[in-house]
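Q: For reference, the file structure24.pdb (PDB, C-alpha atoms (C1' of nucleotides)) is included below:
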ATOM      1  CA  MET A   6      17.326  -3.871   6.526  1.00  0.00           C
ATOM      2  CA  ASP A   7      17.040  -5.481   3.096  1.00  0.00           C
ATOM      3  CA  LYS A   8      13.936  -6.887   1.496  1.00  0.00           C
ATOM      4  CA  GLN A   9      14.869 -10.534   1.917  1.00  0.00           C
ATOM      5  CA  ARG A  10      15.194 -10.034   5.653  1.00  0.00           C
ATOM      6  CA  ILE A  11      11.864  -8.209   5.807  1.00  0.00           C
ATOM      7  CA  ILE A  12      10.241 -11.170   4.096  1.00  0.00           C
ATOM      8  CA  GLU A  13      11.757 -13.732   6.440  1.00  0.00           C
ATOM      9  CA  ILE A  14      10.714 -11.739   9.471  1.00  0.00           C
ATOM     10  CA  SER A  15       7.211 -11.193   8.110  1.00  0.00           C
ATOM     11  CA  ARG A  16       6.849 -14.916   7.568  1.00  0.00           C
ATOM     12  CA  LEU A  17       7.811 -15.607  11.168  1.00  0.00           C
ATOM     13  CA  LEU A  18       5.399 -12.953  12.430  1.00  0.00           C
ATOM     14  CA  ALA A  19       2.535 -14.478  10.441  1.00  0.00           C
ATOM     15  CA  ASN A  20       1.857 -17.221  12.980  1.00  0.00           C
ATOM     16  CA  PRO A  21      -0.331 -16.850  16.070  1.00  0.00           C
ATOM     17  CA  THR A  22       1.899 -18.822  18.405  1.00  0.00           C
ATOM     18  CA  ARG A  23       5.115 -17.088  17.376  1.00  0.00           C
ATOM     19  CA  LEU A  24       3.446 -13.695  17.609  1.00  0.00           C
ATOM     20  CA  GLN A  25       2.098 -14.576  21.035  1.00  0.00           C
ATOM     21  CA  ILE A  26       5.528 -15.603  22.255  1.00  0.00           C
ATOM     22  CA  LEU A  27       6.985 -12.304  21.089  1.00  0.00           C
ATOM     23  CA  GLU A  28       4.231 -10.504  22.987  1.00  0.00           C
ATOM     24  CA  TRP A  29       4.852 -12.494  26.156  1.00  0.00           C
ATOM     25  CA  LEU A  30       8.528 -11.655  25.940  1.00  0.00           C
ATOM     26  CA  LYS A  31       7.717  -7.950  26.060  1.00  0.00           C
ATOM     27  CA  ALA A  32       7.088  -8.437  29.787  1.00  0.00           C
ATOM     28  CA  PRO A  33       8.615 -11.726  30.945  1.00  0.00           C
ATOM     29  CA  GLU A  34       8.139 -11.007  34.645  1.00  0.00           C
ATOM     30  CA  LYS A  35       4.381 -10.680  34.088  1.00  0.00           C
ATOM     31  CA  ASN A  36       4.026 -13.695  31.836  1.00  0.00           C
ATOM     32  CA  PHE A  37       6.320 -16.347  33.281  1.00  0.00           C
ATOM     33  CA  PRO A  38       7.039 -17.825  36.712  1.00  0.00           C
ATOM     34  CA  PRO A  39      10.182 -16.640  38.478  1.00  0.00           C
ATOM     35  CA  GLN A  40      13.378 -18.206  37.163  1.00  0.00           C
ATOM     36  CA  GLU A  41      15.805 -19.703  39.613  1.00  0.00           C
ATOM     37  CA  VAL A  42      18.888 -21.032  37.865  1.00  0.00           C
ATOM     38  CA  VAL A  43      19.558 -17.674  36.306  1.00  0.00           C
ATOM     39  CA  LYS A  44      17.804 -15.097  38.465  1.00  0.00           C
ATOM     40  CA  GLY A  45      15.572 -12.578  36.790  1.00  0.00           C
ATOM     41  CA  PHE A  46      14.934 -12.222  33.085  1.00  0.00           C
ATOM     42  CA  GLU A  47      17.964 -10.233  31.932  1.00  0.00           C
ATOM     43  CA  ASP A  48      18.801 -12.971  29.423  1.00  0.00           C
ATOM     44  CA  GLY A  49      15.180 -13.824  28.676  1.00  0.00           C
ATOM     45  CA  VAL A  50      13.097 -16.930  29.305  1.00  0.00           C
ATOM     46  CA  CYS A  51      14.013 -20.616  28.980  1.00  0.00           C
ATOM     47  CA  VAL A  52      12.499 -22.863  26.330  1.00  0.00           C
ATOM     48  CA  THR A  53      10.593 -25.029  28.784  1.00  0.00           C
ATOM     49  CA  TYR A  54       8.613 -22.115  30.247  1.00  0.00           C
ATOM     50  CA  ILE A  55       7.719 -20.846  26.812  1.00  0.00           C
ATOM     51  CA  GLN A  56       6.789 -24.309  25.609  1.00  0.00           C
ATOM     52  CA  ARG A  57       4.513 -24.982  28.580  1.00  0.00           C
ATOM     53  CA  LYS A  58       2.718 -21.684  28.187  1.00  0.00           C
ATOM     54  CA  ALA A  59       2.322 -22.034  24.422  1.00  0.00           C
ATOM     55  CA  GLY A  60       1.011 -25.586  24.641  1.00  0.00           C
ATOM     56  CA  LEU A  61       2.621 -26.885  21.458  1.00  0.00           C
ATOM     57  CA  SER A  62       5.180 -29.665  21.352  1.00  0.00           C
ATOM     58  CA  GLN A  63       8.724 -29.159  22.567  1.00  0.00           C
ATOM     59  CA  SER A  64      10.133 -29.702  19.094  1.00  0.00           C
ATOM     60  CA  THR A  65       7.822 -27.148  17.533  1.00  0.00           C
ATOM     61  CA  ILE A  66       8.600 -24.449  20.078  1.00  0.00           C
ATOM     62  CA  SER A  67      12.314 -25.163  19.934  1.00  0.00           C
ATOM     63  CA  THR A  68      12.244 -24.716  16.168  1.00  0.00           C
ATOM     64  CA  TYR A  69      10.177 -21.534  16.418  1.00  0.00           C
ATOM     65  CA  LEU A  70      12.609 -19.991  18.877  1.00  0.00           C
ATOM     66  CA  SER A  71      15.625 -21.101  16.909  1.00  0.00           C
ATOM     67  CA  ASN A  72      14.242 -19.605  13.696  1.00  0.00           C
ATOM     68  CA  MET A  73      13.314 -16.336  15.361  1.00  0.00           C
ATOM     69  CA  SER A  74      16.781 -16.192  16.787  1.00  0.00           C
ATOM     70  CA  LYS A  75      18.446 -16.877  13.421  1.00  0.00           C
ATOM     71  CA  CYS A  76      16.393 -14.076  11.943  1.00  0.00           C
ATOM     72  CA  GLY A  77      17.461 -11.636  14.639  1.00  0.00           C
ATOM     73  CA  LEU A  78      14.079 -11.276  16.316  1.00  0.00           C
ATOM     74  CA  LEU A  79      15.338 -12.991  19.448  1.00  0.00           C
ATOM     75  CA  ILE A  80      18.682 -13.122  21.213  1.00  0.00           C
ATOM     76  CA  LEU A  81      19.789 -16.513  22.504  1.00  0.00           C
ATOM     77  CA  THR A  82      21.969 -16.849  25.601  1.00  0.00           C
ATOM     78  CA  ARG A  83      22.989 -20.273  26.836  1.00  0.00           C
ATOM     79  CA  HIS A  84      23.650 -21.055  30.493  1.00  0.00           C
ATOM     80  CA  GLY A  85      24.632 -24.687  30.870  1.00  0.00           C
ATOM     81  CA  LYS A  86      21.879 -26.849  29.500  1.00  0.00           C
ATOM     82  CA  TRP A  87      19.409 -24.011  29.371  1.00  0.00           C
ATOM     83  CA  SER A  88      18.713 -21.702  26.473  1.00  0.00           C
ATOM     84  CA  TYR A  89      17.284 -18.298  27.249  1.00  0.00           C
ATOM     85  CA  PHE A  90      15.579 -16.166  24.664  1.00  0.00           C
ATOM     86  CA  LYS A  91      14.794 -12.455  24.787  1.00  0.00           C
ATOM     87  CA  ARG A  92      13.535  -9.944  22.240  1.00  0.00           C
ATOM     88  CA  ASN A  93      16.013  -8.081  20.090  1.00  0.00           C
ATOM     89  CA  GLU A  94      14.412  -4.650  20.120  1.00  0.00           C
ATOM     90  CA  GLU A  95      16.830  -3.276  17.541  1.00  0.00           C
ATOM     91  CA  THR A  96      15.461  -5.682  14.961  1.00  0.00           C
ATOM     92  CA  PHE A  97      11.891  -4.709  15.738  1.00  0.00           C
ATOM     93  CA  LYS A  98      12.787  -1.054  15.331  1.00  0.00           C
ATOM     94  CA  ALA A  99      14.445  -1.631  11.969  1.00  0.00           C
ATOM     95  CA  TYR A 100      11.576  -3.809  10.780  1.00  0.00           C
ATOM     96  CA  SER A 101       8.988  -1.239  11.819  1.00  0.00           C
ATOM     97  CA  ALA A 102      10.889   1.583  10.173  1.00  0.00           C
ATOM     98  CA  PHE A 103      10.902  -0.205   6.830  1.00  0.00           C
ATOM     99  CA  PHE A 104       7.186   0.320   6.331  1.00  0.00           C
ATOM    100  CA  LEU A 105       7.036   4.036   7.084  1.00  0.00           C
TER     101      LEU A 105
ATOM    102  CA  MET B   3      -4.775  -3.227  15.799  1.00  0.00           C
ATOM    103  CA  ASP B   4      -5.592  -6.734  17.009  1.00  0.00           C
ATOM    104  CA  LYS B   5      -3.446  -9.815  16.680  1.00  0.00           C
ATOM    105  CA  GLN B   6      -5.482 -11.471  13.958  1.00  0.00           C
ATOM    106  CA  ARG B   7      -5.054  -8.406  11.773  1.00  0.00           C
ATOM    107  CA  ILE B   8      -1.313  -8.308  12.459  1.00  0.00           C
ATOM    108  CA  ILE B   9      -1.069 -11.924  11.328  1.00  0.00           C
ATOM    109  CA  GLU B  10      -3.016 -11.341   8.113  1.00  0.00           C
ATOM    110  CA  ILE B  11      -0.908  -8.320   7.253  1.00  0.00           C
ATOM    111  CA  SER B  12       2.329 -10.142   8.063  1.00  0.00           C
ATOM    112  CA  ARG B  13       1.303 -12.961   5.762  1.00  0.00           C
ATOM    113  CA  LEU B  14       0.710 -10.538   2.923  1.00  0.00           C
ATOM    114  CA  LEU B  15       4.048  -8.831   3.557  1.00  0.00           C
ATOM    115  CA  ALA B  16       5.891 -12.162   3.441  1.00  0.00           C
ATOM    116  CA  ASN B  17       5.961 -12.323  -0.356  1.00  0.00           C
ATOM    117  CA  PRO B  18       8.565 -10.672  -2.572  1.00  0.00           C
ATOM    118  CA  THR B  19       6.167  -9.486  -5.250  1.00  0.00           C
ATOM    119  CA  ARG B  20       3.638  -8.033  -2.839  1.00  0.00           C
ATOM    120  CA  LEU B  21       6.368  -6.324  -0.857  1.00  0.00           C
ATOM    121  CA  GLN B  22       7.834  -4.915  -4.059  1.00  0.00           C
ATOM    122  CA  ILE B  23       4.478  -3.527  -5.124  1.00  0.00           C
ATOM    123  CA  LEU B  24       4.084  -1.788  -1.789  1.00  0.00           C
ATOM    124  CA  GLU B  25       7.544  -0.280  -2.235  1.00  0.00           C
ATOM    125  CA  TRP B  26       6.756   0.927  -5.737  1.00  0.00           C
ATOM    126  CA  LEU B  27       3.608   2.556  -4.444  1.00  0.00           C
ATOM    127  CA  LYS B  28       5.650   4.673  -2.041  1.00  0.00           C
ATOM    128  CA  ALA B  29       6.621   6.795  -5.071  1.00  0.00           C
ATOM    129  CA  PRO B  30       4.253   6.060  -7.964  1.00  0.00           C
ATOM    130  CA  GLU B  31       5.499   8.944 -10.106  1.00  0.00           C
ATOM    131  CA  LYS B  32       9.000   7.486 -10.034  1.00  0.00           C
ATOM    132  CA  ASN B  33       7.969   3.889 -10.644  1.00  0.00           C
ATOM    133  CA  PHE B  34       5.141   4.059 -13.171  1.00  0.00           C
ATOM    134  CA  PRO B  35       4.490   5.795 -16.500  1.00  0.00           C
ATOM    135  CA  PRO B  36       2.245   8.864 -16.416  1.00  0.00           C
ATOM    136  CA  GLN B  37      -1.438   8.065 -16.137  1.00  0.00           C
ATOM    137  CA  GLU B  38      -3.828   9.697 -18.501  1.00  0.00           C
ATOM    138  CA  VAL B  39      -7.386   8.664 -17.822  1.00  0.00           C
ATOM    139  CA  VAL B  40      -7.132   9.881 -14.271  1.00  0.00           C
ATOM    140  CA  LYS B  41      -4.314  12.428 -14.185  1.00  0.00           C
ATOM    141  CA  GLY B  42      -1.609  12.049 -11.576  1.00  0.00           C
ATOM    142  CA  PHE B  43      -1.454   9.418  -8.852  1.00  0.00           C
ATOM    143  CA  GLU B  44      -3.763  10.897  -6.214  1.00  0.00           C
ATOM    144  CA  ASP B  45      -5.838   7.730  -6.287  1.00  0.00           C
ATOM    145  CA  GLY B  46      -2.891   5.422  -6.908  1.00  0.00           C
ATOM    146  CA  VAL B  47      -1.920   3.218  -9.828  1.00  0.00           C
ATOM    147  CA  CYS B  48      -4.064   1.020 -12.060  1.00  0.00           C
ATOM    148  CA  VAL B  49      -3.829  -2.773 -12.028  1.00  0.00           C
ATOM    149  CA  THR B  50      -2.433  -3.039 -15.547  1.00  0.00           C
ATOM    150  CA  TYR B  51       0.610  -0.889 -14.814  1.00  0.00           C
ATOM    151  CA  ILE B  52       1.366  -2.812 -11.658  1.00  0.00           C
ATOM    152  CA  GLN B  53       0.860  -6.145 -13.407  1.00  0.00           C
ATOM    153  CA  ARG B  54       3.198  -5.262 -16.275  1.00  0.00           C
ATOM    154  CA  LYS B  55       5.912  -4.110 -13.935  1.00  0.00           C
ATOM    155  CA  ALA B  56       5.593  -7.093 -11.609  1.00  0.00           C
ATOM    156  CA  GLY B  57       5.641  -9.603 -14.458  1.00  0.00           C
ATOM    157  CA  LEU B  58       3.217 -12.098 -12.920  1.00  0.00           C
ATOM    158  CA  SER B  59      -0.125 -13.021 -14.448  1.00  0.00           C
ATOM    159  CA  GLN B  60      -3.051 -10.630 -14.403  1.00  0.00           C
ATOM    160  CA  SER B  61      -5.077 -12.937 -12.194  1.00  0.00           C
ATOM    161  CA  THR B  62      -2.310 -13.239  -9.646  1.00  0.00           C
ATOM    162  CA  ILE B  63      -1.720  -9.505  -9.386  1.00  0.00           C
ATOM    163  CA  SER B  64      -5.423  -8.769  -9.247  1.00  0.00           C
ATOM    164  CA  THR B  65      -5.788 -11.173  -6.348  1.00  0.00           C
ATOM    165  CA  TYR B  66      -2.752  -9.734  -4.562  1.00  0.00           C
ATOM    166  CA  LEU B  67      -4.092  -6.204  -4.826  1.00  0.00           C
ATOM    167  CA  SER B  68      -7.564  -7.240  -3.807  1.00  0.00           C
ATOM    168  CA  ASN B  69      -6.258  -9.045  -0.731  1.00  0.00           C
ATOM    169  CA  MET B  70      -4.021  -6.167   0.296  1.00  0.00           C
ATOM    170  CA  SER B  71      -6.983  -3.866  -0.087  1.00  0.00           C
ATOM    171  CA  LYS B  72      -9.269  -6.102   1.998  1.00  0.00           C
ATOM    172  CA  CYS B  73      -6.609  -6.099   4.700  1.00  0.00           C
ATOM    173  CA  GLY B  74      -6.388  -2.309   4.718  1.00  0.00           C
ATOM    174  CA  LEU B  75      -2.859  -2.072   3.320  1.00  0.00           C
ATOM    175  CA  LEU B  76      -4.153  -0.510   0.117  1.00  0.00           C
ATOM    176  CA  ILE B  77      -7.028   1.805  -0.717  1.00  0.00           C
ATOM    177  CA  LEU B  78      -9.020   0.984  -3.842  1.00  0.00           C
ATOM    178  CA  THR B  79     -10.677   3.707  -5.902  1.00  0.00           C
ATOM    179  CA  ARG B  80     -12.603   2.813  -9.050  1.00  0.00           C
ATOM    180  CA  HIS B  81     -12.950   5.129 -12.017  1.00  0.00           C
ATOM    181  CA  GLY B  82     -14.990   3.501 -14.737  1.00  0.00           C
ATOM    182  CA  LYS B  83     -13.398   0.249 -15.716  1.00  0.00           C
ATOM    183  CA  TRP B  84     -10.145   1.059 -13.956  1.00  0.00           C
ATOM    184  CA  SER B  85      -9.188   0.180 -10.392  1.00  0.00           C
ATOM    185  CA  TYR B  86      -6.578   2.363  -8.756  1.00  0.00           C
ATOM    186  CA  PHE B  87      -4.669   1.273  -5.703  1.00  0.00           C
ATOM    187  CA  LYS B  88      -2.644   3.401  -3.307  1.00  0.00           C
ATOM    188  CA  ARG B  89      -1.014   2.723   0.050  1.00  0.00           C
ATOM    189  CA  ASN B  90      -2.993   3.214   3.221  1.00  0.00           C
ATOM    190  CA  GLU B  91      -0.339   4.836   5.385  1.00  0.00           C
ATOM    191  CA  GLU B  92      -2.496   4.705   8.483  1.00  0.00           C
ATOM    192  CA  THR B  93      -2.425   0.931   8.395  1.00  0.00           C
ATOM    193  CA  PHE B  94       1.336   0.864   8.013  1.00  0.00           C
ATOM    194  CA  LYS B  95       1.685   3.170  11.007  1.00  0.00           C
ATOM    195  CA  ALA B  96      -0.543   1.009  13.157  1.00  0.00           C
ATOM    196  CA  TYR B  97       1.195  -2.174  12.050  1.00  0.00           C
ATOM    197  CA  SER B  98       4.634  -0.730  12.752  1.00  0.00           C
ATOM    198  CA  ALA B  99       3.589   0.525  16.158  1.00  0.00           C
ATOM    199  CA  PHE B 100       2.467  -2.931  17.223  1.00  0.00           C
ATOM    200  CA  PHE B 101       6.014  -4.237  17.424  1.00  0.00           C
ATOM    201  CA  LEU B 102       7.519  -1.429  19.480  1.00  0.00           C
TER     202      LEU B 102
ATOM    203  C1'  DT C  12     -26.183  -3.880 -29.242  1.00  0.00           C
ATOM    204  C1'  DT C  13     -21.472  -5.603 -30.086  1.00  0.00           C
ATOM    205  C1'  DG C  14     -16.957  -5.815 -29.491  1.00  0.00           C
ATOM    206  C1'  DA C  15     -12.991  -4.413 -26.997  1.00  0.00           C
ATOM    207  C1'  DT C  16     -10.787  -3.556 -22.745  1.00  0.00           C
ATOM    208  C1'  DA C  17      -9.904  -3.735 -17.508  1.00  0.00           C
ATOM    209  C1'  DT C  18     -10.486  -6.273 -13.664  1.00  0.00           C
ATOM    210  C1'  DA C  19     -12.211 -10.140 -10.778  1.00  0.00           C
ATOM    211  C1'  DT C  20     -12.996 -14.843  -9.701  1.00  0.00           C
ATOM    212  C1'  DC C  21     -12.586 -19.965 -10.162  1.00  0.00           C
ATOM    213  C1'  DG C  22     -10.351 -24.447 -10.306  1.00  0.00           C
ATOM    214  C1'  DG C  23      -6.167 -26.806 -10.412  1.00  0.00           C
ATOM    215  C1'  DT C  24      -1.438 -28.169  -9.216  1.00  0.00           C
ATOM    216  C1'  DA C  25       3.286 -27.635  -7.325  1.00  0.00           C
ATOM    217  C1'  DT C  26       5.517 -25.818  -3.360  1.00  0.00           C
ATOM    218  C1'  DT C  27       5.755 -24.321   1.405  1.00  0.00           C
ATOM    219  C1'  DT C  28       4.398 -24.348   6.199  1.00  0.00           C
ATOM    220  C1'  DG C  29       2.621 -26.211  10.654  1.00  0.00           C
ATOM    221  C1'  DT C  30       3.079 -29.510  13.626  1.00  0.00           C
ATOM    222  C1'  DC C  31       4.057 -33.902  15.495  1.00  0.00           C
ATOM    223  C1'  DG C  32       6.704 -38.013  17.496  1.00  0.00           C
ATOM    224  C1'  DA C  33      11.131 -40.036  17.507  1.00  0.00           C
ATOM    225  C1'  DT C  34      15.705 -39.436  18.150  1.00  0.00           C
ATOM    226  C1'  DA C  35      20.176 -37.004  18.660  1.00  0.00           C
ATOM    227  C1'  DT C  36      23.166 -33.813  21.233  1.00  0.00           C
ATOM    228  C1'  DG C  37      24.940 -31.566  25.040  1.00  0.00           C
ATOM    229  C1'  DT C  38      25.124 -30.667  30.197  1.00  0.00           C
ATOM    230  C1'  DT C  39      24.752 -31.720  34.954  1.00  0.00           C
ATOM    231  C1'  DT C  40      24.692 -34.826  38.831  1.00  0.00           C
ATOM    232  C1'  DG C  41      25.423 -38.982  41.362  1.00  0.00           C
TER     233       DG C  41
ATOM    234  C1'  DC D   5      30.836 -43.308  33.543  1.00  0.00           C
ATOM    235  C1'  DA D   6      25.691 -43.508  33.597  1.00  0.00           C
ATOM    236  C1'  DA D   7      21.294 -41.561  34.244  1.00  0.00           C
ATOM    237  C1'  DA D   8      18.498 -37.590  33.984  1.00  0.00           C
ATOM    238  C1'  DC D   9      17.271 -33.494  31.981  1.00  0.00           C
ATOM    239  C1'  DA D  10      17.014 -29.417  28.501  1.00  0.00           C
ATOM    240  C1'  DT D  11      17.204 -28.482  23.961  1.00  0.00           C
ATOM    241  C1'  DA D  12      17.894 -29.371  18.948  1.00  0.00           C
ATOM    242  C1'  DT D  13      17.200 -31.816  14.767  1.00  0.00           C
ATOM    243  C1'  DC D  14      14.945 -35.184  11.574  1.00  0.00           C
ATOM    244  C1'  DG D  15      11.335 -37.323   8.821  1.00  0.00           C
ATOM    245  C1'  DA D  16       6.610 -37.400   7.891  1.00  0.00           C
ATOM    246  C1'  DC D  17       2.196 -35.749   6.407  1.00  0.00           C
ATOM    247  C1'  DA D  18      -1.922 -32.637   6.456  1.00  0.00           C
ATOM    248  C1'  DA D  19      -3.071 -27.962   5.503  1.00  0.00           C
ATOM    249  C1'  DA D  20      -2.135 -23.590   3.405  1.00  0.00           C
ATOM    250  C1'  DT D  21      -0.083 -20.686  -0.256  1.00  0.00           C
ATOM    251  C1'  DA D  22       1.784 -19.321  -4.862  1.00  0.00           C
ATOM    252  C1'  DC D  23       0.785 -19.128  -9.108  1.00  0.00           C
ATOM    253  C1'  DC D  24      -1.374 -20.178 -13.560  1.00  0.00           C
ATOM    254  C1'  DG D  25      -4.962 -20.361 -17.456  1.00  0.00           C
ATOM    255  C1'  DA D  26      -9.776 -20.079 -18.290  1.00  0.00           C
ATOM    256  C1'  DT D  27     -13.701 -17.655 -17.694  1.00  0.00           C
ATOM    257  C1'  DA D  28     -16.923 -14.240 -15.743  1.00  0.00           C
ATOM    258  C1'  DT D  29     -18.217  -9.399 -14.980  1.00  0.00           C
ATOM    259  C1'  DA D  30     -18.325  -4.614 -15.782  1.00  0.00           C
ATOM    260  C1'  DT D  31     -17.577  -0.560 -18.518  1.00  0.00           C
ATOM    261  C1'  DC D  32     -16.574   2.024 -22.621  1.00  0.00           C
ATOM    262  C1'  DA D  33     -16.744   2.943 -27.561  1.00  0.00           C
ATOM    263  C1'  DA D  34     -18.582   2.404 -32.103  1.00  0.00           C
TER     264       DA D  34
END
Would it be possible to restate this file's structure as structure tokens?

A:
Amino acid sequence: MDKQRIIEISRLLANPTRLQILEWLKAPEKNFPPQEVVKGFEDGVCVTYIQRKAGLSQSTISTYLSNMSKCGLLILTRHGKWSYFKRNEETFKAYSAFFL
Amino acid sequence: MDKQRIIEISRLLANPTRLQILEWLKAPEKNFPPQEVVKGFEDGVCVTYIQRKAGLSQSTISTYLSNMSKCGLLILTRHGKWSYFKRNEETFKAYSAFFL
DNA sequence: TTGATATATCGGTATTTGTCGATATGTTTG
DNA sequence: CAAACATATCGACAAATACCGATATATCAA
């Protein structure tokens, strides 16, 4: 992982709401209500659930998730009109390794 | 390591110069000229050497180092009028572990 | 004690970020 | 197709950050 990427990721991690979302997504089944359209959390959690729990505006959360996805921290899977986001553990591993 | 600390550290890491300094300090003997007043790099590198190499103003680098030290990323050791900074590997370990 | 040197802190300004409401886009359903 | 819904994008503005030069503080040397 190159330095530019480390910087972008660090910037995204330096925000309480974004960090909290990433923590919630470590255990979606414990932090979000059951999902019905796509059963389970294999593809992650939809924007609406995350937005409600975070309490910021829809546009803010949508942008947060989109940016984290562009940076590789999250993986986006669309099902119809829903967007599901889950953690990309590979990116977290590579990021962590950079500092050791 | 609590979330507030993770955020402060992430913020400090999200800057090219600060990140570069932390990289240089992984191998001081390879990245800085030999030190004479305090032999070797056991206590780290002095502000002047880091400032010259980074190319930003003295005040900026001094503030960067001070902030990274306050956050536990660096360890400050004073010898007379010199301040030496070295990495605090324990903090990097704890920070890294948070994301896994 | 005085001057020189190393570092720290202060005050200012340009740039970036956080966050919103409004609006656009895309998908499903009747 | 039209309405409803989920998400994305845009434009704005307040707050935070990146830097600088000037100055203060602390130590060493003469």

Q: Could you give me chain B least-squares fitted onto chain A (all C-alpha atoms, paired in order), as a short mmCIF file (atom, residue, chain, number, x, y, z; two decimals) with C-alpha atoms, keeping the file's coordinate frame?

A:
data_model
loop_
_atom_site.label_atom_id
_atom_site.label_comp_id
_atom_site.auth_asym_id
_atom_site.auth_seq_id
_atom_site.Cartn_x
_atom_site.Cartn_y
_atom_site.Cartn_z
CA MET B 3 17.30 -3.86 6.54
CA ASP B 4 17.03 -5.47 3.11
CA LYS B 5 13.93 -6.88 1.49
CA GLN B 6 14.85 -10.52 1.91
CA ARG B 7 15.19 -10.01 5.65
CA ILE B 8 11.85 -8.19 5.80
CA ILE B 9 10.22 -11.15 4.08
CA GLU B 10 11.75 -13.72 6.43
CA ILE B 11 10.71 -11.72 9.47
CA SER B 12 7.20 -11.18 8.11
CA ARG B 13 6.84 -14.90 7.57
CA LEU B 14 7.81 -15.60 11.16
CA LEU B 15 5.39 -12.95 12.42
CA ALA B 16 2.52 -14.47 10.44
CA ASN B 17 1.84 -17.23 12.97
CA PRO B 18 -0.33 -16.87 16.06
CA THR B 19 1.91 -18.84 18.40
CA ARG B 20 5.11 -17.10 17.37
CA LEU B 21 3.45 -13.71 17.60
CA GLN B 22 2.10 -14.59 21.04
CA ILE B 23 5.54 -15.62 22.25
CA LEU B 24 6.99 -12.32 21.10
CA GLU B 25 4.23 -10.52 22.99
CA TRP B 26 4.86 -12.50 26.15
CA LEU B 27 8.53 -11.65 25.93
CA LYS B 28 7.72 -7.95 26.06
CA ALA B 29 7.10 -8.43 29.80
CA PRO B 30 8.62 -11.73 30.93
CA GLU B 31 8.14 -11.02 34.64
CA LYS B 32 4.40 -10.68 34.09
CA ASN B 33 4.03 -13.70 31.83
CA PHE B 34 6.34 -16.34 33.28
CA PRO B 35 7.05 -17.83 36.71
CA PRO B 36 10.20 -16.63 38.47
CA GLN B 37 13.39 -18.19 37.16
CA GLU B 38 15.82 -19.66 39.59
CA VAL B 39 18.86 -21.04 37.86
CA VAL B 40 19.57 -17.69 36.29
CA LYS B 41 17.84 -15.08 38.45
CA GLY B 42 15.58 -12.56 36.78
CA PHE B 43 14.94 -12.22 33.06
CA GLU B 44 17.97 -10.23 31.92
CA ASP B 45 18.80 -12.96 29.43
CA GLY B 46 15.18 -13.83 28.68
CA VAL B 47 13.10 -16.92 29.30
CA CYS B 48 14.00 -20.60 28.98
CA VAL B 49 12.49 -22.85 26.32
CA THR B 50 10.58 -25.02 28.79
CA TYR B 51 8.61 -22.13 30.25
CA ILE B 52 7.71 -20.84 26.82
CA GLN B 53 6.78 -24.32 25.61
CA ARG B 54 4.49 -24.99 28.58
CA LYS B 55 2.71 -21.70 28.17
CA ALA B 56 2.33 -22.02 24.41
CA GLY B 57 1.00 -25.58 24.63
CA LEU B 58 2.62 -26.87 21.44
CA SER B 59 5.18 -29.67 21.35
CA GLN B 60 8.72 -29.15 22.56
CA SER B 61 10.13 -29.72 19.10
CA THR B 62 7.84 -27.17 17.53
CA ILE B 63 8.61 -24.46 20.07
CA SER B 64 12.32 -25.17 19.93
CA THR B 65 12.26 -24.75 16.17
CA TYR B 66 10.20 -21.56 16.40
CA LEU B 67 12.61 -20.00 18.87
CA SER B 68 15.63 -21.12 16.91
CA ASN B 69 14.25 -19.63 13.70
CA MET B 70 13.31 -16.35 15.35
CA SER B 71 16.79 -16.20 16.79
CA LYS B 72 18.45 -16.90 13.42
CA CYS B 73 16.38 -14.09 11.95
CA GLY B 74 17.48 -11.64 14.64
CA LEU B 75 14.08 -11.27 16.31
CA LEU B 76 15.35 -13.00 19.44
CA ILE B 77 18.69 -13.13 21.21
CA LEU B 78 19.80 -16.52 22.50
CA THR B 79 21.97 -16.85 25.60
CA ARG B 80 22.98 -20.28 26.87
CA HIS B 81 23.66 -21.05 30.51
CA GLY B 82 24.60 -24.67 30.94
CA LYS B 83 21.86 -26.84 29.57
CA TRP B 84 19.38 -23.99 29.41
CA SER B 85 18.71 -21.70 26.46
CA TYR B 86 17.28 -18.29 27.25
CA PHE B 87 15.59 -16.17 24.65
CA LYS B 88 14.79 -12.46 24.79
CA ARG B 89 13.54 -9.96 22.23
CA ASN B 90 16.01 -8.10 20.07
CA GLU B 91 14.42 -4.66 20.11
CA GLU B 92 16.83 -3.30 17.54
CA THR B 93 15.46 -5.68 14.96
CA PHE B 94 11.89 -4.71 15.74
CA LYS B 95 12.80 -1.04 15.34
CA ALA B 96 14.44 -1.64 11.99
CA TYR B 97 11.57 -3.80 10.78
CA SER B 98 8.98 -1.23 11.83
CA ALA B 99 10.88 1.59 10.19
CA PHE B 100 10.89 -0.19 6.85
CA PHE B 101 7.18 0.35 6.32
CA LEU B 102 7.05 4.06 7.10
#

Q: Given the PyMOL selection byres ((chain C) within 8 of (chain B)) and the file above, list the residues it selects as an mmCIF file with C-alpha atoms (C1' of nucleotides), in the frame of the given file.

A:
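The resulting file, part28.cif, is reproduced below:
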data_model
loop_
_atom_site.group_PDB
_atom_site.id
_atom_site.type_symbol
_atom_site.label_atom_id
_atom_site.label_comp_id
_atom_site.auth_asym_id
_atom_site.auth_seq_id
_atom_site.Cartn_x
_atom_site.Cartn_y
_atom_site.Cartn_z
ATOM 1 C "C1'" DA C 17 -9.904 -3.735 -17.508
ATOM 2 C "C1'" DT C 18 -10.486 -6.273 -13.664
ATOM 3 C "C1'" DA C 19 -12.211 -10.140 -10.778
#

Q: Return as a ChimeraX atom specification the residues belonging to chain B that are within 9 Å of chain A, counting all atoms listed in the file.

A: /B:5-6,8-18,21-22,24-25,91,94-95,97-102

Q: Work out how far apart CA of Leu81 in chain A and CA of Lys44 in chain A are and give it in Å to one decimal.

A: 16.1 Å

Q: Return as JSON, numbers by chain the set of residues that the PyMOL selection byres ((chain C and resi 12-14) around 9) yields on the displayed structure.

A: {"C": [15], "D": [33, 34]}

Q: Just to be explicit: take each residue in the selection above, keep C-alpha atoms (C1' of nucleotides), and write the result as a short mmCIF file (atom, residue, chain, number, x, y, z; two decimals), keeping the file's coordinate frame.

A:
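Full text of result-v2.cif as output:
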data_model
loop_
_atom_site.label_atom_id
_atom_site.label_comp_id
_atom_site.auth_asym_id
_atom_site.auth_seq_id
_atom_site.Cartn_x
_atom_site.Cartn_y
_atom_site.Cartn_z
"C1'" DA C 15 -12.99 -4.41 -27.00
"C1'" DA D 33 -16.74 2.94 -27.56
"C1'" DA D 34 -18.58 2.40 -32.10
#
